[in-house]
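Enquirer: Please see the structure below; I have some questions.
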Amino acid sequence: MAVQISDEHRMIQATVREFAARELLPIAADLDHNPRFPADAIARAAAMGLMGLMVPEEYGGPGLDPLAYVITQEELARASAGFQAIVTVNNSLVCDPILRWGSEDQKRRYLPDLVAGRRLGCYCLTEPTAGSDAMALRMTAALRGDEWVLNGTKLFVTNGVEADLCVVYARSEAAAGARGLSAFLVEKSFPGLRVGKVEKKLGIRCSSTAELVFEDCRVPADNLLGERAAGGKIALATLDGGRIGIAAQALGIARACLEESAVYAQQREQFGAPVASFQAIRWALADMATRLEAARQLTYRAAVLRGEGRPHAREAAMAKLAASETAMFAAHKAVQIFGGYGYSQDYPVERYFRDAKITEIYEGTSEIQRLVIARHVLGRR
Amino acid sequence: MDIIVCLKQVVDPELPVRDFAIDPSTKRQVRDGRPLVISTYDENALEVALQLKDAGGARVTALTLGPQSALGDAVRLALAMGADEAVVVDDPRGPDLLGIEKVGILAAAVRRVGRFDLVLCGCESADWVERAVPPLLAEAIGAACVTFATRVEAADGGLLVRRMADDGFHQVEARLPAVVAIASDEGNRPRLPKVKDIVAAKRKPVQTWPVGDLGVPSVGEGALGVEVREVVVPQRTARCEFVEGEPAEQASALLRRLQDLKLL
């Protein structure tokens with residue numbers, strides 16, 4: 001059954017759409033051409049409550065459900081996928097695990113600042129030798145007195161340059177794989193942590209992607225997030241939510257492709273008629289619209305299940321797989337519909353094309369999503 | 001200061017032209033199935049009210065008239081933006097009434113709200129482009145009236161109002177109570193509600209008054225001297241003329257042509 005959105009969801013959607021129109025659309029192309037962190041727009045997003053959408057009122061947030069979250073993320077990504085990447089990481093990968101596994105003290109210490117934009121968060125899982133095989137990560141955490149000492153390097157950290165609170169996964173136990181990992185809340189100012197190489201990227205260029213280097217980084221013992229050795233579970237469960245946020249990002253990119261293509265196809269005339277009158281273009285638009293709607297329903301469904309506290313790893317993987325491949329498909333079609341203009345930076349679709357690709361890669365590649373889904377199909381979780 | 005802001009819900013003026021239709025039997029715009037929004041200048045009026053609230057404290061009541069079922073969004077948005085309470089006058093005919101018909105109902109509703117120093121309205125409705133309501137309402141409730149205002153400040157127990165004029169702006173003083181009609185200006189661009197306030201808006205008080213309870217005699221269209229005879233969608237025709245000659249000749253020919261057409 002199709003997921004229906006409520007009047008409140010619609011009003012939140014309209015508000016965030018207007019926010020994106022006012023604050024993001026005018027700067028989105030420039031943020032891509034001249035990559036920089038959109039500090040002013042992020043501050044205004046924080047004032048609207050967009051940096052911690054699911055954080056309950058007692059910690060300063062609006063306490064939205066995951067479906068409302070998905071709706072907001074699609075609207076932001078429709079205008080600027082790079083901007084939305086900054087926002088979704090703070091929401092899904094930082095606020096969310098603190099809410100779920102943080103101590104009361106950790107919640108009070110960090111959540112109000114993350115919501116208000118006084119702090120920005122990042123999520124540190126991937127390492128040079130541990131990408132899709134994340135549970136093989138090598139960063140070490142050793143308990144010395146009342147401090148953990150972290151050593152290792154994290155790679156491809158979204159918000160890595162600007163973030164001042166890092167959710168870090170490290171090997172604290174002798175056990176191999178997921179059972180040997182713990183999660184830590186590491187402030188950027190803790191001694192022994194520095195930003196390494198900053199990536200130059202194909203897309204989502206206003207969000208920074210950096211290497212973070214931990215050299216005898218000292219973390220107070222009470223900044224352990226959740227139980228000791230629970231890091232693997234926290235990392236994977238957090239990614240279930242993160243994938244829904246990335247699915248929403250992909251929906252936004254796909255919708256941008258569809259909407260821009262529909263406008264252009266009605267304006268552009270060739271052979272004496274708008275190209276929208278040609279069947280080749282109509283079929284492309286129809287396929288884009290159909291895949292977008294299907295991916296949106298999968299994403300909404302995953303969000304509703306998460307909101308109800310029901311299992312949703314399979315649905316989140318399906319949502320991200322379908323939505324990210326839809327974004328890539330729609331971007332491919334959009335550039336083709338625009339023809340030579342689609343290849344030019346004068347029009348936004350080449351940006352959508354470059355932005356779309358990341359959704360098939362980060363927070364689990366399409367191949368990893370298929371692996372997760374297949375495990376459920378085969379009954380081997 | 002107690003402020004009442006009158007909000008009309010209209011079919012979203014941003015909708016594509018193909019979604020615009022007129023019902024020939026009622027001679028009114030078809031609203032069914034189309035998204036409704038707060039009329040453009042009414043939102044500016046709400047923003048002015050909220051700025052007065054921010055500046056020196058005010059209690060802001062959003063007042064709206066129409067079928068109760070269709071007014072949820074306008075009321076909720078007004079409350080989310082910062083209005084303290086809302087009053088809905090439930091009248092299925094509300095949106096279709098002409099200004100002159102609706103003023104009696106609005107005046108009765110304003111009196112029933114009771115405490116008010118200032119009533120703010122948009123300077124015209126986005127659907128009928130009607131500008132009669134604010135002055136008529138001021139007359140009906142015995143208040144001062146300022147039209148085409150863009151900024152309002154509280155000053156010396158009255159108001160200091162900036163109003164648009166052909167040659168710039170006029171700064172006028174008004175006594176209270178007053179009805180002020182608001183035009184748009186960069187200083188009164190409607191704020192976006194915070195997400196938290198959208199969620200919290202459902203906890204703010206909303207009163208619904210059936211229009212019959214206001215004791216306003218129903219007047220049929222035409223009884224007040226105004227009736228709508230015909231409503232048509234204008235047919236646009238386009239024609240192209242070439243202005244021939246050397247550039248200097250073209251310029252003077254173009255000037256003459258534009259003057260003939262009374263465009264200059």
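Within each chain, counting starts at residue 1; across the structure tokens, chains are named A, B, ... in the order shown, with ligands numbered 1 upward in that order.
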Report as a PyMOL selection string all protein, DNA and RNA residues lying within 12 Å of Leu93 of chain A, evaluated on only C-alpha atoms, omitting residues in the same chain fewer than 2 positions from it.
Expert: chain A and resi 51-52+54+85-91+95-100+114+120-125+157-159+165-168+185+234-246+363
Enquirer: Could you please select, counting only C-alpha atoms, the residues of chain A within 9 Å of chain B and state them as a PyMOL selection string?
Expert: chain A and resi 7-8+11-12+15-16+18-19+47-50+53+57+60-64
Enquirer: Store the residues picked out above in a file with N, CA and C atoms, as a short mmCIF file (atom, residue, chain, number, x, y, z; two decimals), in the first residue's frame.
Expert:
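File written: again-v6.cif
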```cif
data_model
loop_
_atom_site.label_atom_id
_atom_site.label_comp_id
_atom_site.auth_asym_id
_atom_site.auth_seq_id
_atom_site.Cartn_x
_atom_site.Cartn_y
_atom_site.Cartn_z
N ASP A 7 -0.93 16.14 6.52
CA ASP A 7 -0.95 17.59 6.30
C ASP A 7 0.30 18.24 6.88
N GLU A 8 0.73 17.74 8.04
CA GLU A 8 1.93 18.30 8.67
C GLU A 8 3.16 18.04 7.79
N MET A 11 3.11 20.50 4.97
CA MET A 11 3.50 21.86 5.34
C MET A 11 5.01 21.96 5.55
N ILE A 12 5.59 20.92 6.15
CA ILE A 12 7.04 20.90 6.32
C ILE A 12 7.71 20.85 4.95
N THR A 15 7.54 24.26 3.35
CA THR A 15 8.44 25.19 4.03
C THR A 15 9.89 24.95 3.60
N VAL A 16 10.29 23.69 3.57
CA VAL A 16 11.68 23.39 3.20
C VAL A 16 11.90 23.66 1.71
N GLU A 18 10.48 26.06 0.09
CA GLU A 18 10.65 27.52 0.01
C GLU A 18 12.03 27.92 0.54
N PHE A 19 12.47 27.26 1.61
CA PHE A 19 13.83 27.52 2.12
C PHE A 19 14.86 27.25 1.02
N ALA A 47 18.93 27.38 11.98
CA ALA A 47 17.90 28.22 12.62
C ALA A 47 16.50 27.68 12.32
N MET A 48 16.35 27.06 11.15
CA MET A 48 15.05 26.46 10.78
C MET A 48 14.83 25.13 11.49
N GLY A 49 15.89 24.55 12.07
CA GLY A 49 15.77 23.24 12.73
C GLY A 49 16.18 22.08 11.84
N LEU A 50 16.82 22.38 10.68
CA LEU A 50 17.09 21.32 9.71
C LEU A 50 18.32 20.47 10.05
N LEU A 53 16.73 17.15 12.66
CA LEU A 53 15.28 17.08 12.46
C LEU A 53 14.58 16.04 13.33
N GLU A 57 12.32 17.46 21.20
CA GLU A 57 12.29 18.84 21.71
C GLU A 57 13.18 19.02 22.94
N GLY A 60 16.36 20.15 21.97
CA GLY A 60 16.40 21.31 21.10
C GLY A 60 15.92 21.11 19.67
N GLY A 61 15.54 19.88 19.31
CA GLY A 61 15.12 19.63 17.93
C GLY A 61 13.61 19.65 17.78
N PRO A 62 13.13 19.50 16.54
CA PRO A 62 11.68 19.47 16.32
C PRO A 62 11.06 18.09 16.51
N GLY A 63 11.89 17.05 16.61
CA GLY A 63 11.37 15.70 16.88
C GLY A 63 10.51 15.12 15.78
N LEU A 64 10.95 15.28 14.53
CA LEU A 64 10.17 14.74 13.41
C LEU A 64 10.35 13.23 13.29
#
```
Enquirer: Among segment 120-237 of chain A, which ones does DSSP assign to alpha helix (DSSP H) (computed from the backbone)? Answer as a count of residues only.
Expert: 7
Enquirer: Pick the closest to Val30 of chain B from B:Val231, B:Ala62, B:Pro135, B:Glu130: which is it, counting only C-alpha atoms?
Expert: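 For Val30 of chain B, the nearest of the given residues is B:Val231.
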Enquirer: Skipping near chain neighbours, those fewer than 2 positions away, what residues fall within 6 Å of Glu147 of chain A using only C-alpha atoms, listed as a ChimeraX atom specification?
Expert: /A:143-145,219-221
Enquirer: Could you pull out the residues in segment 51-204 of chain A that DSSP calls strand (DSSP E or B) from the backbone, as a VMD selection string?
Expert: chain A and resid 121 to 124 127 130 140 to 144 147 to 158 165 to 171 181 to 187 193 to 198
Enquirer: Let's have the selection written as a CSV table (one decimal), in the first residue's frame, with N, CA and C atoms.
Expert:
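Output below, filename result33.csv:
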```csv
chain,number,residue,atom,x,y,z
A,121,GLY,N,28.8,17.7,12.7
A,121,GLY,CA,29.2,16.3,12.9
A,121,GLY,C,29.8,15.7,11.7
A,122,CYS,N,30.6,14.6,11.9
A,122,CYS,CA,31.0,13.8,10.8
A,122,CYS,C,31.1,12.3,11.3
A,123,TYR,N,31.2,11.4,10.4
A,123,TYR,CA,31.1,10.0,10.7
A,123,TYR,C,32.3,9.3,10.1
A,124,CYS,N,33.1,8.7,10.9
A,124,CYS,CA,34.4,8.1,10.5
A,124,CYS,C,34.4,6.6,10.6
A,127,GLU,N,38.3,3.4,5.9
A,127,GLU,CA,39.7,3.5,6.0
A,127,GLU,C,40.3,3.2,4.7
A,130,ALA,N,39.7,-0.4,4.2
A,130,ALA,CA,38.4,-0.9,4.7
A,130,ALA,C,37.3,0.0,4.1
A,140,THR,N,43.0,1.6,15.9
A,140,THR,CA,43.0,0.9,17.2
A,140,THR,C,42.6,1.9,18.3
A,141,ALA,N,42.0,1.3,19.3
A,141,ALA,CA,41.6,2.1,20.5
A,141,ALA,C,42.1,1.3,21.7
A,142,ALA,N,43.0,2.0,22.5
A,142,ALA,CA,43.5,1.3,23.7
A,142,ALA,C,43.1,2.1,24.9
A,143,LEU,N,42.6,1.4,25.9
A,143,LEU,CA,42.2,2.1,27.2
A,143,LEU,C,43.4,2.3,28.0
A,144,ARG,N,43.7,3.5,28.3
A,144,ARG,CA,44.9,3.8,29.2
A,144,ARG,C,44.3,4.7,30.3
A,147,GLU,N,41.3,7.2,29.8
A,147,GLU,CA,41.3,7.7,28.4
A,147,GLU,C,41.5,6.6,27.4
A,148,TRP,N,40.8,6.7,26.3
A,148,TRP,CA,41.1,5.9,25.1
A,148,TRP,C,42.1,6.6,24.3
A,149,VAL,N,43.0,5.8,23.7
A,149,VAL,CA,44.0,6.3,22.8
A,149,VAL,C,43.8,5.7,21.4
A,150,LEU,N,43.5,6.6,20.5
A,150,LEU,CA,43.1,6.2,19.1
A,150,LEU,C,44.3,6.4,18.1
A,151,ASN,N,44.5,5.4,17.3
A,151,ASN,CA,45.6,5.5,16.3
A,151,ASN,C,45.1,4.9,15.0
A,152,GLY,N,45.2,5.7,13.9
A,152,GLY,CA,44.8,5.2,12.6
A,152,GLY,C,44.4,6.3,11.7
A,153,THR,N,43.9,6.0,10.5
A,153,THR,CA,43.5,7.0,9.5
A,153,THR,C,42.1,6.7,9.0
A,154,LYS,N,41.3,7.7,8.9
A,154,LYS,CA,39.9,7.6,8.4
A,154,LYS,C,39.9,8.3,7.0
A,155,LEU,N,39.2,7.8,6.1
A,155,LEU,CA,39.2,8.3,4.7
A,155,LEU,C,37.8,8.7,4.3
A,156,PHE,N,37.7,9.6,3.3
A,156,PHE,CA,36.4,10.0,2.7
A,156,PHE,C,35.4,10.4,3.8
A,157,VAL,N,35.8,11.2,4.7
A,157,VAL,CA,35.0,11.7,5.8
A,157,VAL,C,34.2,12.9,5.3
A,158,THR,N,32.9,12.8,5.1
A,158,THR,CA,32.1,13.9,4.7
A,158,THR,C,32.0,14.9,5.8
A,165,LEU,N,32.7,17.5,15.7
A,165,LEU,CA,32.4,16.3,16.5
A,165,LEU,C,32.4,15.1,15.6
A,166,CYS,N,33.2,14.1,15.9
A,166,CYS,CA,33.4,13.0,15.0
A,166,CYS,C,32.9,11.7,15.7
A,167,VAL,N,32.0,10.9,15.0
A,167,VAL,CA,31.7,9.6,15.5
A,167,VAL,C,32.7,8.7,14.8
A,168,VAL,N,33.5,8.1,15.7
A,168,VAL,CA,34.7,7.3,15.2
A,168,VAL,C,34.5,5.8,15.6
A,169,TYR,N,34.8,4.9,14.7
A,169,TYR,CA,34.8,3.5,15.0
A,169,TYR,C,36.3,3.0,15.0
A,170,ALA,N,36.6,2.2,16.0
A,170,ALA,CA,38.0,1.8,16.2
A,170,ALA,C,38.0,0.4,16.8
A,171,ARG,N,39.1,-0.3,16.6
A,171,ARG,CA,39.2,-1.7,17.1
A,171,ARG,C,39.7,-1.6,18.6
A,181,LEU,N,34.9,-4.0,17.6
A,181,LEU,CA,34.8,-2.5,17.4
A,181,LEU,C,34.1,-1.8,18.5
A,182,SER,N,34.5,-0.6,18.8
A,182,SER,CA,33.8,0.3,19.6
A,182,SER,C,33.6,1.6,18.9
A,183,ALA,N,32.6,2.4,19.4
A,183,ALA,CA,32.3,3.7,18.8
A,183,ALA,C,32.7,4.8,19.8
A,184,PHE,N,33.2,5.9,19.3
A,184,PHE,CA,33.6,7.0,20.2
A,184,PHE,C,33.1,8.4,19.7
A,185,LEU,N,32.9,9.3,20.6
A,185,LEU,CA,32.6,10.6,20.2
A,185,LEU,C,33.8,11.5,20.4
A,186,VAL,N,34.4,11.9,19.3
A,186,VAL,CA,35.7,12.5,19.4
A,186,VAL,C,35.6,14.0,18.9
A,187,GLU,N,35.9,14.9,19.8
A,187,GLU,CA,35.9,16.3,19.5
A,187,GLU,C,37.1,16.6,18.7
A,193,LEU,N,44.4,14.7,16.9
A,193,LEU,CA,43.6,14.5,15.7
A,193,LEU,C,43.8,15.7,14.8
A,194,ARG,N,44.1,15.3,13.5
A,194,ARG,CA,44.2,16.4,12.5
A,194,ARG,C,43.6,16.0,11.2
A,195,VAL,N,43.3,17.0,10.4
A,195,VAL,CA,42.7,16.8,9.1
A,195,VAL,C,43.9,16.6,8.1
A,196,GLY,N,43.8,15.5,7.3
A,196,GLY,CA,44.8,15.2,6.3
A,196,GLY,C,44.4,15.7,5.0
A,197,LYS,N,44.5,14.8,4.0
A,197,LYS,CA,44.3,15.2,2.6
A,197,LYS,C,42.8,15.5,2.4
A,198,VAL,N,42.5,16.6,1.7
A,198,VAL,CA,41.1,17.0,1.3
A,198,VAL,C,40.9,16.6,-0.1
```
